Amino acid sequence: MESHHILLPEEADSQRTLSPYVTGTSVVAIKYKDGILMAADMGASYGSTLRYKTLERIKPVGKHSLLGASGEISDFQEILRYLDDLILYDNMWDDGNSLGPKEVHNYLTRMMYNRRNKFNPLWNSLVLGGVKNGHKYLGTVNMIGVTFEDSHVATGLGNHLARPILRKEWKEDLSFEDGARLLEKCMRVLLYRDTSAVNKIQMVKITEEGVTNFPPYSLRTYWEFSAFQNPTASAEGSW
């Protein structure tokens, strides 16, 4: 009788994420006079279907940091679990010190690059900002470990549409009110142009005193522009 070899789970080929399933779009963040301001919409798409409309993609990390994420939501949840373990391990030392935003950003950079080298990346672009001992820090890292620090950063489509606005209008001494208006302007442009965005905004600030997560709200919009009425009117080859 011919015997058949049964493939056990541990012998099976390891699986890799080939494409993200449930994704969030842009995150935009800036330094302002007292700390860091970060904003994102609350939508998450299942493929091209806008499946979730109340999803928070900005989370506090430890005492001094904020993390925002674009991309695969389940991978973002996995990253938050890694960070929970990191913060818990740091607290167990009980030495009066705590991880600052620069240390957390370095950890995320190493983690994303490590997973990229294993050909099993976490499908996210991350924004990490915070304040510790009066020093403001803002940086970003993507799914292959490319990282930098700046006074304003954005992920997703925001990297193309929001950054030009920020380069033109951002100033070192922005007040909270002016910073919030600038982020709202960026989020409004993204809402008009990004099909994955929803008109429900999460805005969070972090200062030396801690994190303030403002209630979600909608932006005032105007959809009567002629380009919105007939977007292909001047397009080449249109009727």
# chains A, B, ... in the order shown; residues from 1 in each chain; ligands from 1

call {"tool": "residues_around", "arguments": {"residues": "range 123-139 of chain A", "least_positions_apart": "4", "cutoff": "8 Å", "atoms": "only C-alpha atoms", "output": "VMD selection string"}}
result
chain A and resid 20 27 29 to 31 35 to 36 64 to 72 75 to 76 100 to 102 104 to 105 143 147 to 156 206 to 208

call {"tool": "write_last_selection", "arguments": {"atoms": "N, CA, C and O atoms", "output": "short mmCIF file (atom, residue, chain, number, x, y, z; two decimals), in the first residue's frame"}}
result
data_model
loop_
_atom_site.label_atom_id
_atom_site.label_comp_id
_atom_site.auth_asym_id
_atom_site.auth_seq_id
_atom_site.Cartn_x
_atom_site.Cartn_y
_atom_site.Cartn_z
N PRO A 20 -1.43 44.26 1.89
CA PRO A 20 -2.23 44.60 3.07
C PRO A 20 -3.72 44.44 2.81
O PRO A 20 -4.18 44.56 1.67
N VAL A 27 -1.05 60.20 7.80
CA VAL A 27 -0.85 60.83 9.11
C VAL A 27 0.02 62.06 8.89
O VAL A 27 1.01 61.99 8.16
N ALA A 29 2.03 65.33 10.97
CA ALA A 29 2.46 65.79 12.30
C ALA A 29 3.43 66.96 12.16
O ALA A 29 4.19 67.04 11.20
N ILE A 30 3.40 67.85 13.15
CA ILE A 30 4.28 69.02 13.16
C ILE A 30 4.78 69.27 14.57
O ILE A 30 4.15 68.87 15.56
N LYS A 31 5.93 69.93 14.67
CA LYS A 31 6.35 70.54 15.92
C LYS A 31 5.67 71.90 16.04
O LYS A 31 5.53 72.61 15.05
N GLY A 35 5.10 71.67 21.84
CA GLY A 35 5.23 70.22 21.72
C GLY A 35 5.01 69.72 20.31
O GLY A 35 5.48 70.31 19.33
N ILE A 36 4.25 68.63 20.21
CA ILE A 36 3.98 67.96 18.92
C ILE A 36 2.48 67.88 18.71
O ILE A 36 1.72 67.55 19.63
N HIS A 64 6.17 59.77 27.11
CA HIS A 64 6.70 60.91 26.38
C HIS A 64 6.46 60.88 24.87
O HIS A 64 6.93 61.77 24.17
N SER A 65 5.75 59.88 24.35
CA SER A 65 5.71 59.70 22.89
C SER A 65 4.30 59.47 22.36
O SER A 65 3.41 58.97 23.07
N LEU A 66 4.14 59.82 21.08
CA LEU A 66 2.93 59.53 20.31
C LEU A 66 3.34 58.75 19.06
O LEU A 66 4.35 59.06 18.43
N LEU A 67 2.51 57.77 18.68
CA LEU A 67 2.77 57.00 17.47
C LEU A 67 1.55 57.05 16.56
O LEU A 67 0.44 56.75 16.98
N GLY A 68 1.76 57.45 15.29
CA GLY A 68 0.72 57.41 14.28
C GLY A 68 1.13 56.48 13.17
O GLY A 68 2.32 56.32 12.88
N ALA A 69 0.15 55.83 12.52
CA ALA A 69 0.48 54.81 11.52
C ALA A 69 -0.44 54.88 10.32
O ALA A 69 -1.66 55.05 10.46
N SER A 70 0.16 54.74 9.14
CA SER A 70 -0.56 54.44 7.90
C SER A 70 -0.32 52.98 7.57
O SER A 70 0.64 52.37 8.05
N GLY A 71 -1.15 52.43 6.70
CA GLY A 71 -0.92 51.07 6.23
C GLY A 71 -1.78 50.04 6.94
O GLY A 71 -2.86 50.35 7.45
N GLU A 72 -1.28 48.80 6.96
CA GLU A 72 -2.02 47.65 7.48
C GLU A 72 -2.32 47.79 8.96
O GLU A 72 -1.41 47.93 9.78
N ASP A 75 -0.93 45.00 11.39
CA ASP A 75 0.50 45.17 11.66
C ASP A 75 0.73 46.30 12.66
O ASP A 75 1.64 46.23 13.49
N PHE A 76 -0.07 47.36 12.57
CA PHE A 76 0.01 48.45 13.55
C PHE A 76 -0.31 47.93 14.95
O PHE A 76 0.36 48.26 15.93
N GLY A 100 12.44 57.90 26.08
CA GLY A 100 11.98 59.10 25.38
C GLY A 100 11.65 58.80 23.94
O GLY A 100 11.85 57.68 23.44
N PRO A 101 11.14 59.80 23.21
CA PRO A 101 10.74 59.57 21.81
C PRO A 101 11.90 59.17 20.91
O PRO A 101 11.70 58.37 19.98
N LYS A 102 13.08 59.69 21.13
CA LYS A 102 14.22 59.32 20.29
C LYS A 102 14.55 57.84 20.43
O LYS A 102 14.82 57.14 19.45
N VAL A 104 12.47 55.42 21.39
CA VAL A 104 11.39 54.63 20.79
C VAL A 104 11.50 54.64 19.27
O VAL A 104 11.30 53.62 18.60
N HIS A 105 11.84 55.80 18.70
CA HIS A 105 11.99 55.90 17.25
C HIS A 105 13.15 55.02 16.77
O HIS A 105 13.03 54.32 15.74
N MET A 143 8.14 51.02 5.87
CA MET A 143 8.13 49.56 6.01
C MET A 143 9.47 48.91 5.64
O MET A 143 9.70 47.74 5.98
N THR A 147 14.30 56.11 7.30
CA THR A 147 13.92 56.93 8.45
C THR A 147 14.57 58.30 8.38
O THR A 147 15.65 58.46 7.81
N PHE A 148 13.89 59.30 8.96
CA PHE A 148 14.48 60.63 9.11
C PHE A 148 13.74 61.39 10.19
O PHE A 148 12.64 61.03 10.59
N GLU A 149 14.37 62.45 10.65
CA GLU A 149 13.78 63.35 11.65
C GLU A 149 13.60 64.71 11.01
O GLU A 149 14.44 65.16 10.22
N ASP A 150 12.47 65.39 11.30
CA ASP A 150 12.21 66.70 10.72
C ASP A 150 11.26 67.48 11.62
O ASP A 150 10.76 66.95 12.62
N SER A 151 11.00 68.72 11.24
CA SER A 151 10.07 69.56 12.01
C SER A 151 8.62 69.31 11.61
O SER A 151 7.70 69.72 12.32
N HIS A 152 8.39 68.69 10.46
CA HIS A 152 7.06 68.27 10.04
C HIS A 152 7.20 67.05 9.16
O HIS A 152 8.11 66.97 8.32
N VAL A 153 6.32 66.08 9.34
CA VAL A 153 6.38 64.84 8.56
C VAL A 153 4.97 64.44 8.18
O VAL A 153 3.98 64.88 8.78
N ALA A 154 4.87 63.59 7.16
CA ALA A 154 3.57 63.07 6.72
C ALA A 154 3.80 61.71 6.07
O ALA A 154 4.88 61.42 5.55
N THR A 155 2.78 60.88 6.10
CA THR A 155 2.84 59.57 5.46
C THR A 155 1.77 59.47 4.39
O THR A 155 0.87 60.31 4.30
N GLY A 156 1.86 58.42 3.58
CA GLY A 156 0.85 58.17 2.57
C GLY A 156 0.79 59.29 1.54
O GLY A 156 1.80 59.90 1.18
N ILE A 206 0.98 66.37 22.25
CA ILE A 206 1.77 65.94 23.40
C ILE A 206 2.72 67.06 23.77
O ILE A 206 3.38 67.66 22.91
N THR A 207 2.75 67.39 25.04
CA THR A 207 3.64 68.42 25.58
C THR A 207 4.37 67.82 26.79
O THR A 207 4.23 66.63 27.09
N GLU A 208 5.13 68.65 27.47
CA GLU A 208 5.83 68.20 28.67
C GLU A 208 4.84 67.71 29.73
O GLU A 208 5.17 66.86 30.56
#

call {"tool": "select_by_dssp", "arguments": {"residues": "range 37-159 of chain A", "states": "strand (DSSP E or B)", "output": "PyMOL selection string"}}
result
chain A and resi 37-41+44-46+49-52+58-61+65-72+124-132+135-141+147-149+152-154

call {"tool": "write_last_selection", "arguments": {"atoms": "N, CA and C atoms", "output": "tab-separated table (two decimals), in the first residue's frame"}}
result
chain	number	residue	atom	x	y	z
A	37	LEU	N	2.05	68.18	17.49
A	37	LEU	CA	0.65	68.01	17.07
A	37	LEU	C	0.60	66.96	15.97
A	38	MET	N	-0.35	66.02	16.08
A	38	MET	CA	-0.47	64.96	15.09
A	38	MET	C	-1.94	64.79	14.71
A	39	ALA	N	-2.21	64.55	13.42
A	39	ALA	CA	-3.59	64.41	12.96
A	39	ALA	C	-3.69	63.29	11.94
A	40	ALA	N	-4.83	62.60	11.94
A	40	ALA	CA	-5.13	61.56	10.96
A	40	ALA	C	-6.64	61.43	10.87
A	41	ASP	N	-7.13	60.96	9.73
A	41	ASP	CA	-8.56	60.66	9.68
A	41	ASP	C	-8.79	59.29	10.33
A	44	ALA	N	-10.66	53.32	7.75
A	44	ALA	CA	-9.83	52.16	7.39
A	44	ALA	C	-10.54	51.41	6.27
A	45	SER	N	-9.82	51.11	5.22
A	45	SER	CA	-10.40	50.51	4.01
A	45	SER	C	-10.09	49.03	3.92
A	46	TYR	N	-11.10	48.25	3.58
A	46	TYR	CA	-10.92	46.84	3.27
A	46	TYR	C	-10.85	46.73	1.75
A	49	THR	N	-12.99	49.25	-0.29
A	49	THR	CA	-14.22	49.52	0.46
A	49	THR	C	-13.88	50.21	1.77
A	50	LEU	N	-14.50	51.35	2.01
A	50	LEU	CA	-14.27	52.09	3.26
A	50	LEU	C	-15.06	51.39	4.36
A	51	ARG	N	-14.39	50.47	5.06
A	51	ARG	CA	-15.08	49.54	5.97
A	51	ARG	C	-15.29	50.13	7.36
A	52	TYR	N	-14.29	50.81	7.90
A	52	TYR	CA	-14.36	51.33	9.28
A	52	TYR	C	-14.20	52.85	9.26
A	58	ILE	N	-3.69	56.97	16.00
A	58	ILE	CA	-2.68	57.69	16.79
A	58	ILE	C	-2.80	57.22	18.23
A	59	LYS	N	-1.69	56.71	18.78
A	59	LYS	CA	-1.71	56.13	20.12
A	59	LYS	C	-0.53	56.67	20.94
A	60	PRO	N	-0.72	56.87	22.25
A	60	PRO	CA	0.41	57.23	23.12
A	60	PRO	C	1.30	56.02	23.37
A	61	VAL	N	2.60	56.28	23.50
A	61	VAL	CA	3.57	55.23	23.81
A	61	VAL	C	4.37	55.68	25.03
A	65	SER	N	5.75	59.88	24.35
A	65	SER	CA	5.71	59.70	22.89
A	65	SER	C	4.30	59.47	22.36
A	66	LEU	N	4.14	59.82	21.08
A	66	LEU	CA	2.93	59.53	20.31
A	66	LEU	C	3.34	58.75	19.06
A	67	LEU	N	2.51	57.77	18.68
A	67	LEU	CA	2.77	57.00	17.47
A	67	LEU	C	1.55	57.05	16.56
A	68	GLY	N	1.76	57.45	15.29
A	68	GLY	CA	0.72	57.41	14.28
A	68	GLY	C	1.13	56.48	13.17
A	69	ALA	N	0.15	55.83	12.52
A	69	ALA	CA	0.48	54.81	11.52
A	69	ALA	C	-0.44	54.88	10.32
A	70	SER	N	0.16	54.74	9.14
A	70	SER	CA	-0.56	54.44	7.90
A	70	SER	C	-0.32	52.98	7.57
A	71	GLY	N	-1.15	52.43	6.70
A	71	GLY	CA	-0.92	51.07	6.23
A	71	GLY	C	-1.78	50.04	6.94
A	72	GLU	N	-1.28	48.80	6.96
A	72	GLU	CA	-2.02	47.65	7.48
A	72	GLU	C	-2.32	47.79	8.96
A	124	ASN	N	3.62	49.20	7.23
A	124	ASN	CA	3.22	50.48	7.82
A	124	ASN	C	4.25	51.56	7.52
A	125	SER	N	3.78	52.79	7.48
A	125	SER	CA	4.62	53.97	7.60
A	125	SER	C	4.26	54.62	8.92
A	126	LEU	N	5.26	54.86	9.75
A	126	LEU	CA	5.03	55.31	11.13
A	126	LEU	C	5.54	56.72	11.35
A	127	VAL	N	4.82	57.45	12.20
A	127	VAL	CA	5.25	58.77	12.66
A	127	VAL	C	5.38	58.71	14.17
A	128	LEU	N	6.55	59.08	14.68
A	128	LEU	CA	6.80	59.04	16.13
A	128	LEU	C	7.21	60.44	16.58
A	129	GLY	N	6.44	61.00	17.50
A	129	GLY	CA	6.74	62.32	18.03
A	129	GLY	C	6.63	62.33	19.54
A	130	GLY	N	7.30	63.28	20.17
A	130	GLY	CA	7.19	63.38	21.62
A	130	GLY	C	8.02	64.50	22.20
A	131	VAL	N	7.93	64.64	23.51
A	131	VAL	CA	8.66	65.68	24.24
A	131	VAL	C	9.22	65.06	25.51
A	132	LYS	N	10.51	65.31	25.76
A	132	LYS	CA	11.13	64.86	27.00
A	132	LYS	C	12.20	65.86	27.42
A	135	HIS	N	12.81	68.83	25.21
A	135	HIS	CA	13.28	68.64	23.83
A	135	HIS	C	12.17	68.00	23.01
A	136	LYS	N	11.79	68.65	21.91
A	136	LYS	CA	10.76	68.12	21.00
A	136	LYS	C	11.42	67.23	19.95
A	137	TYR	N	10.78	66.11	19.67
A	137	TYR	CA	11.33	65.16	18.70
A	137	TYR	C	10.22	64.70	17.77
A	138	LEU	N	10.54	64.64	16.46
A	138	LEU	CA	9.56	64.17	15.48
A	138	LEU	C	10.30	63.45	14.36
A	139	GLY	N	9.90	62.21	14.12
A	139	GLY	CA	10.55	61.42	13.08
A	139	GLY	C	9.58	60.46	12.43
A	140	THR	N	10.05	59.79	11.38
A	140	THR	CA	9.21	58.83	10.66
A	140	THR	C	10.07	57.66	10.21
A	141	VAL	N	9.43	56.53	10.00
A	141	VAL	CA	10.10	55.35	9.44
A	141	VAL	C	9.08	54.57	8.62
A	147	THR	N	14.30	56.11	7.30
A	147	THR	CA	13.92	56.93	8.45
A	147	THR	C	14.57	58.30	8.38
A	148	PHE	N	13.89	59.30	8.96
A	148	PHE	CA	14.48	60.63	9.11
A	148	PHE	C	13.74	61.39	10.19
A	149	GLU	N	14.37	62.45	10.65
A	149	GLU	CA	13.78	63.35	11.65
A	149	GLU	C	13.60	64.71	11.01
A	152	HIS	N	8.39	68.69	10.46
A	152	HIS	CA	7.06	68.27	10.04
A	152	HIS	C	7.20	67.05	9.16
A	153	VAL	N	6.32	66.08	9.34
A	153	VAL	CA	6.38	64.84	8.56
A	153	VAL	C	4.97	64.44	8.18
A	154	ALA	N	4.87	63.59	7.16
A	154	ALA	CA	3.57	63.07	6.72
A	154	ALA	C	3.80	61.71	6.07

call {"tool": "closest_residue", "arguments": {"among": "A:Lys205, A:Arg115, A:His160, A:Lys171", "to": "Leu190 in chain A", "atoms": "only C-alpha atoms"}}
result
A:His160

call {"tool": "residues_around", "arguments": {"residues": "Leu99 in chain A", "least_positions_apart": "6", "cutoff": "8 Å", "atoms": "only C-alpha atoms", "output": "list in words"}}
result
Gly62, Lys63, His64, Ile87 and Asp90 of chain A

call {"tool": "closest_residue", "arguments": {"among": "A:Pro215, A:Gly24, A:Pro121, A:Gly158", "to": "Ile144 in chain A", "atoms": "only C-alpha atoms"}}
result
A:Pro121

call {"tool": "closest_residue", "arguments": {"among": "A:Thr221, A:Thr109, A:Gln202, A:Ser226", "to": "Ile79 in chain A", "atoms": "only C-alpha atoms"}}
result
A:Thr109

call {"tool": "decode", "arguments": {"residues": "range 203-220 of chain A", "atoms": "N, CA, C and O atoms", "output": "PDB file, in the first residue's frame"}}
result
ATOM      1  N   MET A 203      -7.220  64.396  16.267  1.00  0.00           N
ATOM      2  CA  MET A 203      -6.065  65.265  16.498  1.00  0.00           C
ATOM      3  C   MET A 203      -5.579  65.068  17.935  1.00  0.00           C
ATOM      4  O   MET A 203      -6.375  65.070  18.876  1.00  0.00           O
ATOM      5  N   VAL A 204      -4.263  64.899  18.076  1.00  0.00           N
ATOM      6  CA  VAL A 204      -3.665  64.629  19.383  1.00  0.00           C
ATOM      7  C   VAL A 204      -2.452  65.531  19.557  1.00  0.00           C
ATOM      8  O   VAL A 204      -1.693  65.757  18.612  1.00  0.00           O
ATOM      9  N   LYS A 205      -2.270  66.055  20.762  1.00  0.00           N
ATOM     10  CA  LYS A 205      -1.057  66.824  21.055  1.00  0.00           C
ATOM     11  C   LYS A 205      -0.342  66.190  22.236  1.00  0.00           C
ATOM     12  O   LYS A 205      -0.958  65.552  23.103  1.00  0.00           O
ATOM     13  N   ILE A 206       0.980  66.367  22.252  1.00  0.00           N
ATOM     14  CA  ILE A 206       1.770  65.943  23.396  1.00  0.00           C
ATOM     15  C   ILE A 206       2.723  67.063  23.769  1.00  0.00           C
ATOM     16  O   ILE A 206       3.377  67.658  22.907  1.00  0.00           O
ATOM     17  N   THR A 207       2.750  67.386  25.044  1.00  0.00           N
ATOM     18  CA  THR A 207       3.638  68.416  25.580  1.00  0.00           C
ATOM     19  C   THR A 207       4.374  67.824  26.786  1.00  0.00           C
ATOM     20  O   THR A 207       4.229  66.631  27.094  1.00  0.00           O
ATOM     21  N   GLU A 208       5.134  68.648  27.469  1.00  0.00           N
ATOM     22  CA  GLU A 208       5.832  68.195  28.671  1.00  0.00           C
ATOM     23  C   GLU A 208       4.845  67.710  29.729  1.00  0.00           C
ATOM     24  O   GLU A 208       5.174  66.858  30.563  1.00  0.00           O
ATOM     25  N   GLU A 209       3.609  68.259  29.704  1.00  0.00           N
ATOM     26  CA  GLU A 209       2.599  67.884  30.698  1.00  0.00           C
ATOM     27  C   GLU A 209       1.926  66.554  30.379  1.00  0.00           C
ATOM     28  O   GLU A 209       1.264  65.968  31.227  1.00  0.00           O
ATOM     29  N   GLY A 210       2.020  66.070  29.127  1.00  0.00           N
ATOM     30  CA  GLY A 210       1.388  64.806  28.775  1.00  0.00           C
ATOM     31  C   GLY A 210       0.608  64.879  27.472  1.00  0.00           C
ATOM     32  O   GLY A 210       0.734  65.832  26.695  1.00  0.00           O
ATOM     33  N   VAL A 211      -0.231  63.861  27.251  1.00  0.00           N
ATOM     34  CA  VAL A 211      -0.976  63.693  25.992  1.00  0.00           C
ATOM     35  C   VAL A 211      -2.392  64.225  26.144  1.00  0.00           C
ATOM     36  O   VAL A 211      -3.048  63.996  27.160  1.00  0.00           O
ATOM     37  N   THR A 212      -2.860  64.943  25.121  1.00  0.00           N
ATOM     38  CA  THR A 212      -4.254  65.373  25.049  1.00  0.00           C
ATOM     39  C   THR A 212      -4.846  64.845  23.749  1.00  0.00           C
ATOM     40  O   THR A 212      -4.401  65.215  22.660  1.00  0.00           O
ATOM     41  N   ASN A 213      -5.830  63.953  23.877  1.00  0.00           N
ATOM     42  CA  ASN A 213      -6.509  63.372  22.715  1.00  0.00           C
ATOM     43  C   ASN A 213      -7.861  64.063  22.568  1.00  0.00           C
ATOM     44  O   ASN A 213      -8.779  63.823  23.348  1.00  0.00           O
ATOM     45  N   PHE A 214      -7.990  64.928  21.565  1.00  0.00           N
ATOM     46  CA  PHE A 214      -9.211  65.706  21.401  1.00  0.00           C
ATOM     47  C   PHE A 214     -10.327  64.843  20.811  1.00  0.00           C
ATOM     48  O   PHE A 214     -10.055  63.892  20.070  1.00  0.00           O
ATOM     49  N   PRO A 215     -11.583  65.162  21.125  1.00  0.00           N
ATOM     50  CA  PRO A 215     -12.695  64.395  20.554  1.00  0.00           C
ATOM     51  C   PRO A 215     -12.680  64.472  19.028  1.00  0.00           C
ATOM     52  O   PRO A 215     -12.353  65.509  18.451  1.00  0.00           O
ATOM     53  N   PRO A 216     -13.029  63.384  18.344  1.00  0.00           N
ATOM     54  CA  PRO A 216     -13.076  63.403  16.869  1.00  0.00           C
ATOM     55  C   PRO A 216     -14.071  64.444  16.364  1.00  0.00           C
ATOM     56  O   PRO A 216     -15.103  64.707  16.988  1.00  0.00           O
ATOM     57  N   TYR A 217     -13.757  65.035  15.216  1.00  0.00           N
ATOM     58  CA  TYR A 217     -14.651  66.043  14.650  1.00  0.00           C
ATOM     59  C   TYR A 217     -14.522  66.039  13.133  1.00  0.00           C
ATOM     60  O   TYR A 217     -13.592  65.459  12.558  1.00  0.00           O
ATOM     61  N   SER A 218     -15.480  66.698  12.479  1.00  0.00           N
ATOM     62  CA  SER A 218     -15.493  66.790  11.013  1.00  0.00           C
ATOM     63  C   SER A 218     -15.062  68.180  10.576  1.00  0.00           C
ATOM     64  O   SER A 218     -15.287  69.175  11.282  1.00  0.00           O
ATOM     65  N   LEU A 219     -14.455  68.257   9.411  1.00  0.00           N
ATOM     66  CA  LEU A 219     -14.022  69.532   8.852  1.00  0.00           C
ATOM     67  C   LEU A 219     -15.131  70.156   8.014  1.00  0.00           C
ATOM     68  O   LEU A 219     -15.948  69.445   7.410  1.00  0.00           O
ATOM     69  N   ARG A 220     -15.137  71.482   7.973  1.00  0.00           N
ATOM     70  CA  ARG A 220     -16.045  72.165   7.063  1.00  0.00           C
ATOM     71  C   ARG A 220     -15.487  72.057   5.644  1.00  0.00           C
ATOM     72  O   ARG A 220     -14.318  72.341   5.400  1.00  0.00           O
TER      73      ARG A 220
END
